[in-house]
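Raw target.pdb, PDB, C-alpha atoms and all ligand atoms:
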```
ATOM      1  CA  MET A 230      27.113 -63.360 -89.196
ATOM      2  CA  LYS A 231      29.588 -65.198 -86.947
ATOM      3  CA  ALA A 232      33.311 -65.264 -87.673
ATOM      4  CA  GLY A 233      36.218 -67.180 -86.188
ATOM      5  CA  LEU A 234      39.900 -66.429 -85.932
ATOM      6  CA  GLY A 235      42.394 -69.204 -86.564
ATOM      7  CA  VAL A 236      46.140 -69.365 -86.027
ATOM      8  CA  ASP A 237      48.448 -72.105 -87.253
ATOM      9  CA  ILE A 238      51.803 -71.999 -85.460
ATOM     10  CA  GLY A 239      54.523 -73.934 -87.216
ATOM     11  CA  GLY A 240      58.251 -74.202 -86.535
ATOM     12  CA  THR A 241      59.009 -71.685 -89.321
ATOM     13  CA  ASN A 242      55.820 -69.753 -90.147
ATOM     14  CA  VAL A 243      52.655 -68.603 -88.442
ATOM     15  CA  LYS A 244      49.462 -68.341 -90.481
ATOM     16  CA  ILE A 245      46.537 -66.316 -89.208
ATOM     17  CA  LEU A 246      43.117 -65.980 -90.776
ATOM     18  CA  VAL A 247      39.560 -64.953 -90.091
ATOM     19  CA  VAL A 248      36.716 -66.944 -91.612
ATOM     20  CA  ARG A 249      33.012 -66.152 -91.665
ATOM     21  CA  GLU A 250      30.583 -68.970 -90.894
ATOM     22  CA  ASP A 251      29.837 -69.355 -94.619
ATOM     23  CA  ASN A 252      33.559 -70.273 -95.018
ATOM     24  CA  LYS A 253      34.462 -66.948 -96.635
ATOM     25  CA  VAL A 254      37.990 -65.854 -95.716
ATOM     26  CA  LEU A 255      37.972 -62.221 -94.528
ATOM     27  CA  PHE A 256      41.580 -61.788 -93.474
ATOM     28  CA  GLN A 257      44.792 -63.720 -93.863
ATOM     29  CA  ASP A 258      48.417 -63.072 -93.145
ATOM     30  CA  ARG A 259      51.600 -64.873 -92.163
ATOM     31  CA  PHE A 260      54.799 -64.079 -90.323
ATOM     32  CA  LYS A 261      57.957 -65.855 -89.166
ATOM     33  CA  THR A 262      57.748 -67.782 -85.906
ATOM     34  CA  HIS A 263      61.322 -67.135 -84.677
ATOM     35  CA  SER A 264      60.711 -69.416 -81.712
ATOM     36  CA  GLU A 265      64.347 -68.969 -80.660
ATOM     37  CA  LYS A 266      63.486 -65.429 -79.500
ATOM     38  CA  GLY A 267      61.312 -66.960 -76.810
ATOM     39  CA  VAL A 268      57.645 -67.130 -75.848
ATOM     40  CA  LYS A 269      57.424 -63.543 -74.588
ATOM     41  CA  ASP A 270      58.661 -61.998 -77.836
ATOM     42  CA  PHE A 271      56.464 -64.317 -79.892
ATOM     43  CA  SER A 272      53.287 -63.671 -77.928
ATOM     44  CA  VAL A 273      53.701 -59.889 -78.278
ATOM     45  CA  ARG A 274      54.011 -60.199 -82.075
ATOM     46  CA  LEU A 275      51.112 -62.651 -82.322
ATOM     47  CA  ALA A 276      48.829 -60.515 -80.131
ATOM     48  CA  LEU A 277      49.485 -57.469 -82.341
ATOM     49  CA  LYS A 278      48.608 -59.463 -85.461
ATOM     50  CA  ILE A 279      45.433 -60.804 -83.833
ATOM     51  CA  LYS A 280      44.317 -57.279 -82.924
ATOM     52  CA  GLU A 281      45.025 -56.154 -86.490
ATOM     53  CA  ALA A 282      42.948 -59.026 -87.886
ATOM     54  CA  VAL A 283      39.998 -58.278 -85.615
ATOM     55  CA  LYS A 284      40.131 -54.554 -86.406
ATOM     56  CA  GLU A 285      40.368 -55.088 -90.149
ATOM     57  CA  THR A 286      37.376 -57.420 -90.406
ATOM     58  CA  GLY A 287      35.204 -55.094 -88.321
ATOM     59  CA  LEU A 288      33.239 -58.051 -86.957
ATOM     60  CA  LYS A 289      32.627 -59.032 -83.374
ATOM     61  CA  ILE A 290      35.019 -61.917 -82.834
ATOM     62  CA  SER A 291      35.073 -63.332 -79.343
ATOM     63  CA  CYS A 292      36.846 -66.620 -79.821
ATOM     64  CA  GLY A 293      39.878 -67.943 -81.630
ATOM     65  CA  ALA A 294      41.596 -71.290 -82.033
ATOM     66  CA  ILE A 295      45.238 -72.137 -82.323
ATOM     67  CA  GLY A 296      46.751 -75.203 -83.936
ATOM     68  CA  MET A 297      50.336 -76.074 -83.138
ATOM     69  CA  ALA A 298      52.512 -79.130 -83.604
ATOM     70  CA  GLY A 299      53.229 -80.911 -80.379
ATOM     71  CA  ASP A 300      51.772 -82.258 -77.189
ATOM     72  CA  ILE A 301      48.847 -80.031 -76.229
ATOM     73  CA  ASP A 302      46.606 -79.946 -73.188
ATOM     74  CA  SER A 303      43.516 -78.723 -75.015
ATOM     75  CA  GLU A 304      41.424 -78.488 -71.843
ATOM     76  CA  LYS A 305      43.796 -76.038 -70.202
ATOM     77  CA  GLY A 306      45.039 -74.406 -73.429
ATOM     78  CA  VAL A 307      48.636 -75.301 -72.658
ATOM     79  CA  LEU A 308      51.421 -76.372 -74.998
ATOM     80  CA  ARG A 309      53.168 -79.100 -73.011
ATOM     81  CA  TYR A 310      55.980 -79.618 -75.500
ATOM     82  CA  SER A 311      56.744 -79.176 -79.180
ATOM     83  CA  PRO A 312      59.639 -80.676 -81.164
ATOM     84  CA  ASN A 313      59.439 -77.673 -83.549
ATOM     85  CA  LEU A 314      59.558 -74.944 -80.899
ATOM     86  CA  SER A 315      62.701 -75.693 -78.983
ATOM     87  CA  GLY A 316      62.729 -74.666 -75.360
ATOM     88  CA  TRP A 317      58.966 -74.016 -75.228
ATOM     89  CA  LYS A 318      57.613 -76.135 -72.413
ATOM     90  CA  ASN A 319      54.318 -75.923 -70.508
ATOM     91  CA  VAL A 320      53.375 -72.637 -72.175
ATOM     92  CA  PRO A 321      49.873 -71.431 -71.111
ATOM     93  CA  ILE A 322      49.298 -69.953 -74.568
ATOM     94  CA  ALA A 323      45.503 -69.467 -74.165
ATOM     95  CA  ASP A 324      45.923 -67.474 -70.924
ATOM     96  CA  ILE A 325      48.778 -65.392 -72.362
ATOM     97  CA  LEU A 326      46.736 -64.398 -75.420
ATOM     98  CA  LYS A 327      43.558 -63.780 -73.428
ATOM     99  CA  ALA A 328      45.485 -61.307 -71.246
ATOM    100  CA  LYS A 329      46.922 -59.524 -74.285
ATOM    101  CA  THR A 330      43.899 -59.492 -76.632
ATOM    102  CA  GLY A 331      40.785 -60.084 -74.509
ATOM    103  CA  LEU A 332      39.837 -63.049 -76.727
ATOM    104  CA  SER A 333      39.309 -66.624 -75.552
ATOM    105  CA  PHE A 334      41.391 -69.222 -77.360
ATOM    106  CA  LYS A 335      41.085 -72.946 -77.870
ATOM    107  CA  VAL A 336      44.452 -74.624 -78.297
ATOM    108  CA  GLU A 337      44.757 -77.821 -80.298
ATOM    109  CA  ASN A 338      47.282 -79.990 -82.081
ATOM    110  CA  ASP A 339      47.800 -78.687 -85.641
ATOM    111  CA  ALA A 340      46.834 -81.985 -87.260
ATOM    112  CA  ASN A 341      43.588 -81.961 -85.265
ATOM    113  CA  MET A 342      42.833 -78.553 -86.751
ATOM    114  CA  ALA A 343      43.690 -79.777 -90.260
ATOM    115  CA  SER A 344      41.300 -82.683 -89.718
ATOM    116  CA  TRP A 345      38.572 -80.251 -88.637
ATOM    117  CA  GLY A 346      39.240 -78.188 -91.769
ATOM    118  CA  ALA A 347      39.037 -81.325 -93.910
ATOM    119  CA  TYR A 348      35.821 -82.389 -92.185
ATOM    120  CA  VAL A 349      34.056 -79.043 -92.687
ATOM    121  CA  ILE A 350      35.474 -77.905 -96.038
ATOM    122  CA  GLU A 351      36.243 -81.090 -97.960
ATOM    123  CA  LEU A 352      33.544 -83.350 -96.531
ATOM    124  CA  LYS A 353      30.897 -80.674 -95.781
ATOM    125  CA  ARG A 354      30.337 -82.396 -92.394
ATOM    126  CA  LYS A 355      28.721 -85.332 -94.207
ATOM    127  CA  SER A 356      31.333 -87.881 -93.217
ATOM    128  CA  LEU A 357      30.911 -88.319 -89.462
ATOM    129  CA  ASN A 358      33.790 -90.714 -88.842
ATOM    130  CA  MET A 359      36.977 -89.667 -90.527
ATOM    131  CA  ALA A 360      40.719 -89.289 -90.141
ATOM    132  CA  ALA A 361      43.056 -86.741 -91.660
ATOM    133  CA  ILE A 362      46.694 -87.618 -92.183
ATOM    134  CA  THR A 363      49.044 -84.656 -92.592
ATOM    135  CA  MET A 364      52.110 -85.708 -94.532
ATOM    136  CA  GLY A 365      54.964 -83.253 -94.236
ATOM    137  CA  THR A 366      58.446 -83.688 -92.784
ATOM    138  CA  GLY A 367      56.652 -85.611 -90.067
ATOM    139  CA  ILE A 368      53.237 -87.244 -90.092
ATOM    140  CA  GLY A 369      50.371 -85.957 -87.987
ATOM    141  CA  GLY A 370      46.828 -87.129 -87.675
ATOM    142  CA  GLY A 371      43.430 -86.139 -86.370
ATOM    143  CA  LEU A 372      40.221 -88.068 -85.798
ATOM    144  CA  ILE A 373      36.637 -86.936 -86.130
ATOM    145  CA  ILE A 374      34.316 -89.469 -84.493
ATOM    146  CA  GLY A 375      30.550 -88.963 -84.597
ATOM    147  CA  GLY A 376      31.075 -85.490 -86.058
ATOM    148  CA  LYS A 377      33.220 -84.386 -83.118
ATOM    149  CA  LEU A 378      36.952 -83.924 -82.769
ATOM    150  CA  TYR A 379      38.203 -86.915 -80.784
ATOM    151  CA  HIS A 380      40.763 -85.955 -78.124
ATOM    152  CA  GLY A 381      41.201 -89.205 -76.203
ATOM    153  CA  SER A 382      41.947 -89.114 -72.464
ATOM    154  CA  SER A 383      44.777 -86.557 -72.445
ATOM    155  CA  SER A 384      44.185 -84.698 -75.758
ATOM    156  CA  THR A 385      46.820 -86.749 -77.583
ATOM    157  CA  ALA A 386      44.612 -88.996 -79.736
ATOM    158  CA  GLY A 387      45.351 -89.243 -83.442
ATOM    159  CA  GLU A 388      49.148 -89.670 -83.422
ATOM    160  CA  ILE A 389      48.834 -91.694 -86.595
ATOM    161  CA  GLY A 390      52.456 -91.020 -87.580
ATOM    162  CA  HIS A 391      53.701 -92.938 -84.556
ATOM    163  CA  MET A 392      51.703 -96.116 -85.059
ATOM    164  CA  ILE A 393      54.249 -98.879 -85.474
ATOM    165  CA  ILE A 394      53.870-100.437 -88.898
ATOM    166  CA  GLU A 395      57.087-102.485 -88.887
ATOM    167  CA  THR A 396      58.448-104.234 -85.816
ATOM    168  CA  ASN A 397      62.226-103.755 -85.565
ATOM    169  CA  GLY A 398      61.813-101.113 -88.244
ATOM    170  CA  ARG A 399      63.561 -97.837 -88.974
ATOM    171  CA  LEU A 400      64.365 -95.263 -86.306
ATOM    172  CA  CYS A 401      61.733 -92.509 -86.041
ATOM    173  CA  GLY A 402      62.291 -88.895 -84.936
ATOM    174  CA  CYS A 403      60.281 -89.731 -81.791
ATOM    175  CA  GLY A 404      62.954 -92.199 -80.683
ATOM    176  CA  ASN A 405      60.946 -95.337 -81.435
ATOM    177  CA  TYR A 406      61.443 -97.811 -84.268
ATOM    178  CA  GLY A 407      59.122 -98.682 -87.131
ATOM    179  CA  CYS A 408      56.673 -95.736 -86.929
ATOM    180  CA  LEU A 409      54.663 -94.775 -90.038
ATOM    181  CA  GLU A 410      56.508 -91.422 -90.016
ATOM    182  CA  ALA A 411      59.846 -93.243 -90.356
ATOM    183  CA  TYR A 412      58.601 -94.563 -93.730
ATOM    184  CA  CYS A 413      56.212 -91.954 -95.135
ATOM    185  CA  GLY A 414      57.371 -88.569 -93.796
ATOM    186  CA  SER A 415      59.142 -86.521 -96.498
ATOM    187  CA  LYS A 416      62.492 -86.921 -94.731
ATOM    188  CA  ALA A 417      62.081 -90.695 -94.703
ATOM    189  CA  ILE A 418      60.943 -90.836 -98.340
ATOM    190  CA  VAL A 419      63.966 -88.818 -99.499
ATOM    191  CA  LYS A 420      66.327 -90.920 -97.361
ATOM    192  CA  ARG A 421      64.909 -94.091 -98.906
ATOM    193  CA  ALA A 422      65.353 -92.659-102.406
ATOM    194  CA  LEU A 423      68.934 -91.483-101.805
ATOM    195  CA  SER A 424      69.922 -94.905-100.497
ATOM    196  CA  LYS A 425      68.900 -96.383-103.859
ATOM    197  CA  ILE A 426      70.582 -93.806-106.117
ATOM    198  CA  LYS A 427      74.137 -94.639-107.170
ATOM    199  CA  ASP A 428      75.181 -91.401-108.918
ATOM    200  CA  LYS A 429      73.668 -88.840-106.544
ATOM    201  CA  LYS A 430      75.252 -85.844-108.284
ATOM    202  CA  ALA A 431      73.792 -86.741-111.673
ATOM    203  CA  TYR A 432      70.429 -87.330-110.041
ATOM    204  CA  ARG A 433      70.523 -83.936-108.312
ATOM    205  CA  ASP A 434      71.509 -82.232-111.575
ATOM    206  CA  LYS A 435      68.618 -83.836-113.403
ATOM    207  CA  TYR A 436      65.786 -83.635-110.872
ATOM    208  CA  GLY A 437      66.982 -81.393-108.001
ATOM    209  CA  VAL A 438      64.824 -78.445-106.949
ATOM    210  CA  GLY A 439      66.049 -74.827-106.772
ATOM    211  CA  GLU A 440      69.575 -73.482-106.903
ATOM    212  CA  GLU A 441      70.752 -76.023-104.346
ATOM    213  CA  LYS A 442      69.422 -78.844-106.551
ATOM    214  CA  LYS A 443      67.734 -80.341-103.536
ATOM    215  CA  ILE A 444      66.217 -83.793-103.645
ATOM    216  CA  ASN A 445      62.943 -83.488-101.778
ATOM    217  CA  ALA A 446      59.436 -84.891-102.161
ATOM    218  CA  GLU A 447      58.733 -82.401-104.953
ATOM    219  CA  ALA A 448      61.859 -83.521-106.849
ATOM    220  CA  LEU A 449      60.796 -87.139-106.478
ATOM    221  CA  SER A 450      57.328 -86.337-107.844
ATOM    222  CA  CYS A 451      58.964 -84.634-110.807
ATOM    223  CA  ALA A 452      61.322 -87.579-111.345
ATOM    224  CA  ALA A 453      58.391 -90.001-111.201
ATOM    225  CA  SER A 454      56.489 -87.921-113.770
ATOM    226  CA  MET A 455      59.487 -88.342-116.085
ATOM    227  CA  GLY A 456      59.424 -92.096-115.605
ATOM    228  CA  ASP A 457      62.410 -92.370-113.238
ATOM    229  CA  LYS A 458      62.343 -95.936-111.899
ATOM    230  CA  THR A 459      63.841 -95.143-108.462
ATOM    231  CA  ALA A 460      61.295 -92.393-107.769
ATOM    232  CA  LEU A 461      58.429 -94.583-108.984
ATOM    233  CA  LEU A 462      59.592 -97.421-106.717
ATOM    234  CA  VAL A 463      59.951 -95.133-103.697
ATOM    235  CA  TRP A 464      56.434 -93.740-104.185
ATOM    236  CA  GLU A 465      55.084 -97.262-104.622
ATOM    237  CA  GLU A 466      56.721 -98.317-101.335
ATOM    238  CA  THR A 467      55.255 -95.197 -99.689
ATOM    239  CA  GLY A 468      51.782 -96.231-100.862
ATOM    240  CA  PHE A 469      52.294 -99.713 -99.467
ATOM    241  CA  TYR A 470      53.417 -98.436 -96.038
ATOM    242  CA  LEU A 471      50.477 -96.038 -95.978
ATOM    243  CA  SER A 472      48.138 -98.942 -96.703
ATOM    244  CA  VAL A 473      49.429-100.679 -93.556
ATOM    245  CA  GLY A 474      48.777 -97.605 -91.397
ATOM    246  CA  ILE A 475      45.440 -96.720 -92.978
ATOM    247  CA  GLY A 476      44.327-100.365 -93.026
ATOM    248  CA  ASN A 477      44.928-100.565 -89.264
ATOM    249  CA  LEU A 478      42.905 -97.388 -88.755
ATOM    250  CA  LEU A 479      40.013 -98.758 -90.795
ATOM    251  CA  MET A 480      40.039-102.086 -88.939
ATOM    252  CA  LEU A 481      40.012-100.296 -85.604
ATOM    253  CA  LEU A 482      37.612 -97.434 -86.274
ATOM    254  CA  ASN A 483      35.502 -98.320 -89.354
ATOM    255  CA  LEU A 484      35.936 -94.800 -90.736
ATOM    256  CA  ASP A 485      33.963 -93.564 -93.727
ATOM    257  CA  SER A 486      36.719 -91.239 -95.009
ATOM    258  CA  VAL A 487      40.459 -90.767 -94.782
ATOM    259  CA  ILE A 488      41.917 -87.547 -96.157
ATOM    260  CA  ILE A 489      45.621 -87.229 -96.859
ATOM    261  CA  THR A 490      46.995 -83.707 -96.870
ATOM    262  CA  GLY A 491      50.343 -81.871 -96.661
ATOM    263  CA  GLY A 492      53.418 -81.409 -98.859
ATOM    264  CA  VAL A 493      54.108 -85.078 -99.557
ATOM    265  CA  SER A 494      50.558 -85.567-100.782
ATOM    266  CA  LYS A 495      51.702 -83.974-104.072
ATOM    267  CA  GLY A 496      53.038 -87.423-104.998
ATOM    268  CA  LYS A 497      49.465 -88.802-104.893
ATOM    269  CA  LYS A 498      49.449 -89.970-108.490
ATOM    270  CA  TYR A 499      52.379 -92.239-107.707
ATOM    271  CA  PHE A 500      51.472 -93.611-104.259
ATOM    272  CA  MET A 501      47.680 -93.920-104.432
ATOM    273  CA  PRO A 502      47.583 -97.050-106.660
ATOM    274  CA  ALA A 503      49.901 -98.960-104.268
ATOM    275  CA  LEU A 504      47.909 -97.702-101.277
ATOM    276  CA  LYS A 505      44.635 -99.012-102.752
ATOM    277  CA  LYS A 506      46.262-102.295-103.749
ATOM    278  CA  GLY A 507      47.772-102.705-100.282
ATOM    279  CA  LEU A 508      44.343-102.308 -98.682
ATOM    280  CA  GLU A 509      43.045-105.236-100.758
ATOM    281  CA  ARG A 510      45.173-107.558 -98.615
ATOM    282  CA  TYR A 511      42.839-107.107 -95.654
ATOM    283  CA  SER A 512      40.464-110.044 -95.521
ATOM    284  CA  ILE A 513      37.708-108.231 -93.617
ATOM    285  CA  LYS A 514      36.382-106.277 -96.576
ATOM    286  CA  THR A 515      33.471-104.200 -95.250
ATOM    287  CA  PRO A 516      35.491-101.468 -93.468
ATOM    288  CA  ILE A 517      37.889-101.285 -96.424
ATOM    289  CA  LYS A 518      35.165-101.011 -99.061
ATOM    290  CA  ILE A 519      33.134 -98.347 -97.287
ATOM    291  CA  ALA A 520      36.061 -95.965 -96.705
ATOM    292  CA  LYS A 521      36.746 -93.231 -99.223
ATOM    293  CA  ILE A 522      40.426 -92.373 -99.300
ATOM    294  CA  PHE A 523      41.532 -89.253-101.057
ATOM    295  CA  VAL A 524      44.130 -86.499-101.138
ATOM    296  CA  SER A 525      43.390 -82.816-100.528
ATOM    297  CA  ASP A 526      45.553 -80.179-102.230
ATOM    298  CA  ASN A 527      44.332 -77.372 -99.967
ATOM    299  CA  PRO A 528      47.477 -76.060 -98.193
ATOM    300  CA  ASP A 529      45.466 -74.040 -95.646
ATOM    301  CA  LEU A 530      43.341 -76.752 -94.028
ATOM    302  CA  GLY A 531      45.188 -76.207 -90.711
ATOM    303  CA  SER A 532      44.580 -72.470 -90.356
ATOM    304  CA  LEU A 533      41.103 -72.700 -91.939
ATOM    305  CA  GLY A 534      40.265 -75.572 -89.622
ATOM    306  CA  SER A 535      41.356 -73.512 -86.604
ATOM    307  CA  ALA A 536      39.194 -70.548 -87.598
ATOM    308  CA  LEU A 537      36.184 -72.785 -88.214
ATOM    309  CA  PHE A 538      36.799 -74.692 -84.970
ATOM    310  CA  ALA A 539      36.861 -71.382 -83.062
ATOM    311  CA  MET A 540      33.151 -71.005 -83.885
ATOM    312  CA  GLU A 541      32.239 -74.459 -82.542
ATOM    313  CA  LYS A 542      30.555 -74.599 -79.151
TER     314      LYS A 542
HETATM  315 ZN    ZN B 601      57.616 -92.196 -84.114
END
```

With the file now loaded, output its structure as structure tokens.
Amino acid sequence: MKAGLGVDIGGTNVKILVVREDNKVLFQDRFKTHSEKGVKDFSVRLALKIKEAVKETGLKISCGAIGMAGDIDSEKGVLRYSPNLSGWKNVPIADILKAKTGLSFKVENDANMASWGAYVIELKRKSLNMAAITMGTGIGGGLIIGGKLYHGSSSTAGEIGHMIIETNGRLCGCGNYGCLEAYCGSKAIVKRALSKIKDKKAYRDKYGVGEEKKINAEALSCAASMGDKTALLVWEETGFYLSVGIGNLLMLLNLDSVIITGGVSKGKKYFMPALKKGLERYSIKTPIKIAKIFVSDNPDLGSLGSALFAMEK
């Protein structure tokens, strides 16, 4: 039976796993990225882990796939730039790993790999035209069109988080104004909530997460579950903004499914009603009605998607 090796490289953690073609996970591990130590140090540690994974599964694995946040040249297997991996520019990651491990690697944007994971695992390849929206600190996106990952002309298609949903809107991390990410990324959601809370200390004491009593997306989900009006309003606004972004996608691409995934998706109970209501505003109903929109709780769609994508021709 075939097996694929997938690696998800984030700003903080690296996840690695091996999946058999029947979706059974044979190996999984994670380690710290420590991108500040440089590409050379990182690639040595990653190559060792890859060799360990291959050895442990005892299967013939000839191909792997890597998902990483940033601007990727997927044809050449080069990371052009990543906001999460400071100082890493034009890194020929596929060539580096081939030299160290003997394996061939595909290199893709991490949200593209999460969308592949969603397509294969959640939708069982039955939904040929779909988008995945990864909602974390930032917002990523990937498109599957006609059952194939859609790269666009320079492998940068699917930057759903940087669609402008509000002209003259809020400043986004990318430098532009009014992007979806500036409204629905976890940072933006928390910022919006804090701007509405008068007694921030009391709010932190009541709903804050961990010893630091942090107000994050999880805290806002908890507050909403306890009926807190500010949290409920912020989630409702989030649903509305998402309906603008997703509505535009549906008008443009006539997708049959949109899957929302990532940390912020935990607030689904509180943003989904406003999202669905917001979509009702579109007067062209057919593309809205046909699309199934749902949230996936699977936290490993990125690394699973990479491993499954490694097996694709
Ligand atoms: Zn942006």

Which residues of chain A come within 7 Å of ligand ZN 601 (chain B), and what is each one's closest atom pair and distance in Å (one decimal), counting all atoms listed in the file, sorted by chain and residue number, as a Markdown table?
```
| residue | atom | partner | partner_atom | distance |
| --- | --- | --- | --- | --- |
| A:Gly390 | CA | B:ZN601 | ZN | 6.3 |
| A:His391 | CA | B:ZN601 | ZN | 4.0 |
| A:Cys401 | CA | B:ZN601 | ZN | 4.6 |
| A:Gly402 | CA | B:ZN601 | ZN | 5.8 |
| A:Cys403 | CA | B:ZN601 | ZN | 4.3 |
| A:Gly404 | CA | B:ZN601 | ZN | 6.3 |
| A:Asn405 | CA | B:ZN601 | ZN | 5.3 |
| A:Tyr406 | CA | B:ZN601 | ZN | 6.8 |
| A:Cys408 | CA | B:ZN601 | ZN | 4.6 |
| A:Glu410 | CA | B:ZN601 | ZN | 6.1 |
| A:Ala411 | CA | B:ZN601 | ZN | 6.7 |
```

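The gap separating atom CA of A:Thr396 from atom CA of A:Ser512 is 21.2 Å, in Å to one decimal.
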
- Query: Taking the file as shown, what set of residues would the PyMOL selection byres (((chain A and resi 296) around 8) and not hetatm) give back, as a VMD selection string?
  - Reply: chain A and resid 235 to 238 294 to 295 297 to 298 336 to 342 531 to 532 535

- Message: So that I can see what lies close to stretch 433-444 of chain A, please list as a list in words the residues with an atom at most 12 Å from it, counting all atoms listed in the file and leaving out residues fewer than 3 positions away in the same chain.
- Response: Ser415, Lys416, Ile418, Val419, Lys420, Arg421, Ala422, Leu423, Ile426, Lys427, Asp428, Lys429, Lys430, Glu447, Ala448, Leu449, Ser450, Cys451, Ala452, Ala453, Ser454, Met455, Gly456, Asp457, Thr459 and Ala460 of chain A

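Proximity to A:Ala536 was assessed for A:Arg259, A:Arg309, A:Lys266, A:Lys335 counting all atoms listed in the file; the smallest distance is recorded for A:Lys335.
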
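Counting all atoms listed in the file, the residue from A:Arg510, A:Lys244, A:Lys280, A:Lys497 that sits nearest to A:Phe523 is A:Lys497.
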
- Query: Exactly which residues make up the result of the PyMOL selection byres (((chain A and resi 283) around 12) and not hetatm) on this file, given as a count of residues only?
  - Reply: 31

Run through the PyMOL selection byres (((chain A and resi 358) around 9) and not hetatm) on the given coordinates and return the selected residues as a JSON list (two decimals) with C-alpha atoms, in the coordinates of the input.
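Output below, filename out.json:
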```
[["chain", "number", "residue", "atom", "x", "y", "z"],
["A", 356, "SER", "CA", 31.33, -87.88, -93.22],
["A", 357, "LEU", "CA", 30.91, -88.32, -89.46],
["A", 359, "MET", "CA", 36.98, -89.67, -90.53],
["A", 360, "ALA", "CA", 40.72, -89.29, -90.14],
["A", 372, "LEU", "CA", 40.22, -88.07, -85.80],
["A", 373, "ILE", "CA", 36.64, -86.94, -86.13],
["A", 374, "ILE", "CA", 34.32, -89.47, -84.49],
["A", 375, "GLY", "CA", 30.55, -88.96, -84.60],
["A", 376, "GLY", "CA", 31.08, -85.49, -86.06],
["A", 377, "LYS", "CA", 33.22, -84.39, -83.12],
["A", 482, "LEU", "CA", 37.61, -97.43, -86.27],
["A", 483, "ASN", "CA", 35.50, -98.32, -89.35],
["A", 484, "LEU", "CA", 35.94, -94.80, -90.74],
["A", 485, "ASP", "CA", 33.96, -93.56, -93.73],
["A", 486, "SER", "CA", 36.72, -91.24, -95.01],
["A", 487, "VAL", "CA", 40.46, -90.77, -94.78]]
```

- Separation of atom CA of A:Gly369 and atom CA of A:Pro528, in Å? 14.5 Å

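Distances here use all atoms listed in the file; by that measure, the residue among A:Trp317, A:Lys231, A:Met480, A:Gly367 closest to A:His263 is A:Trp317.
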
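Pairwise distance (atom CA of A:Ile350, atom CA of A:Asp258) equals 19.9 Å.
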
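Considering the residues A:Asp251, A:Pro516, A:Ser384, A:Lys353 and counting only C-alpha atoms, A:Leu308 has its shortest atom-to-atom contact with A:Ser384.
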
For A:Phe500, list every protein, DNA or RNA residue within 6 Å, evaluated using all atoms listed in the file, and leave out those in the same chain fewer than 4 positions away; present the list as a PDB file with C-alpha atoms, keeping the file's coordinate frame.
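Generated file (out.pdb):
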```
ATOM      1  CA  TRP A 464      56.434 -93.740-104.185  1.00  0.00           C
ATOM      2  CA  GLU A 465      55.084 -97.262-104.622  1.00  0.00           C
ATOM      3  CA  GLY A 468      51.782 -96.231-100.862  1.00  0.00           C
TER       4      GLY A 468
END
```

- Message: Env of A:Thr241: 10 Å cut, atoms = only C-alpha atoms, seq-sep filter 5 positions within chain, self excluded. Answer as a PyMOL selection string.
- Response: chain A and resi 260-264+313-314

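The closest residue to A:Gly240, picked from A:Thr366, A:Phe334, A:Ala347, A:Lys305 and counting only C-alpha atoms, is A:Thr366.
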
- Task: Please provide the set of residues having any atom within 9 Å of A:Ile475, restricted to all atoms listed in the file, with same-chain residues fewer than 4 positions apart removed, written as a PyMOL selection string.
- Result: chain A and resi 389+470-471+479-480+487+504+508

Residue completion, stretch 261-271 of chain A, N, CA and C atoms, as a PDB file, keeping the file's coordinate frame:
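This is the output file selection_17.pdb:
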```pdb
ATOM      1  N   LYS A 261      56.977 -64.851 -89.609  1.00  0.00           N
ATOM      2  CA  LYS A 261      57.957 -65.855 -89.166  1.00  0.00           C
ATOM      3  C   LYS A 261      57.788 -66.145 -87.671  1.00  0.00           C
ATOM      4  N   THR A 262      57.924 -67.397 -87.310  1.00  0.00           N
ATOM      5  CA  THR A 262      57.748 -67.782 -85.906  1.00  0.00           C
ATOM      6  C   THR A 262      58.901 -67.271 -85.037  1.00  0.00           C
ATOM      7  N   HIS A 263      60.129 -67.488 -85.468  1.00  0.00           N
ATOM      8  CA  HIS A 263      61.322 -67.135 -84.677  1.00  0.00           C
ATOM      9  C   HIS A 263      61.169 -67.595 -83.237  1.00  0.00           C
ATOM     10  N   SER A 264      60.940 -68.887 -83.070  1.00  0.00           N
ATOM     11  CA  SER A 264      60.711 -69.416 -81.712  1.00  0.00           C
ATOM     12  C   SER A 264      61.938 -69.250 -80.821  1.00  0.00           C
ATOM     13  N   GLU A 265      63.115 -69.098 -81.458  1.00  0.00           N
ATOM     14  CA  GLU A 265      64.347 -68.969 -80.660  1.00  0.00           C
ATOM     15  C   GLU A 265      64.369 -67.667 -79.860  1.00  0.00           C
ATOM     16  N   LYS A 266      63.527 -66.693 -80.257  1.00  0.00           N
ATOM     17  CA  LYS A 266      63.486 -65.429 -79.500  1.00  0.00           C
ATOM     18  C   LYS A 266      62.672 -65.562 -78.213  1.00  0.00           C
ATOM     19  N   GLY A 267      62.026 -66.704 -78.061  1.00  0.00           N
ATOM     20  CA  GLY A 267      61.312 -66.960 -76.810  1.00  0.00           C
ATOM     21  C   GLY A 267      59.813 -66.692 -76.883  1.00  0.00           C
ATOM     22  N   VAL A 268      59.110 -67.202 -75.885  1.00  0.00           N
ATOM     23  CA  VAL A 268      57.645 -67.130 -75.848  1.00  0.00           C
ATOM     24  C   VAL A 268      57.163 -65.681 -75.702  1.00  0.00           C
ATOM     25  N   LYS A 269      57.865 -64.904 -74.874  1.00  0.00           N
ATOM     26  CA  LYS A 269      57.424 -63.543 -74.588  1.00  0.00           C
ATOM     27  C   LYS A 269      57.420 -62.697 -75.873  1.00  0.00           C
ATOM     28  N   ASP A 270      58.540 -62.744 -76.587  1.00  0.00           N
ATOM     29  CA  ASP A 270      58.661 -61.998 -77.836  1.00  0.00           C
ATOM     30  C   ASP A 270      57.600 -62.451 -78.835  1.00  0.00           C
ATOM     31  N   PHE A 271      57.422 -63.773 -78.932  1.00  0.00           N
ATOM     32  CA  PHE A 271      56.464 -64.317 -79.892  1.00  0.00           C
ATOM     33  C   PHE A 271      55.041 -63.879 -79.563  1.00  0.00           C
TER      34      PHE A 271
END
```
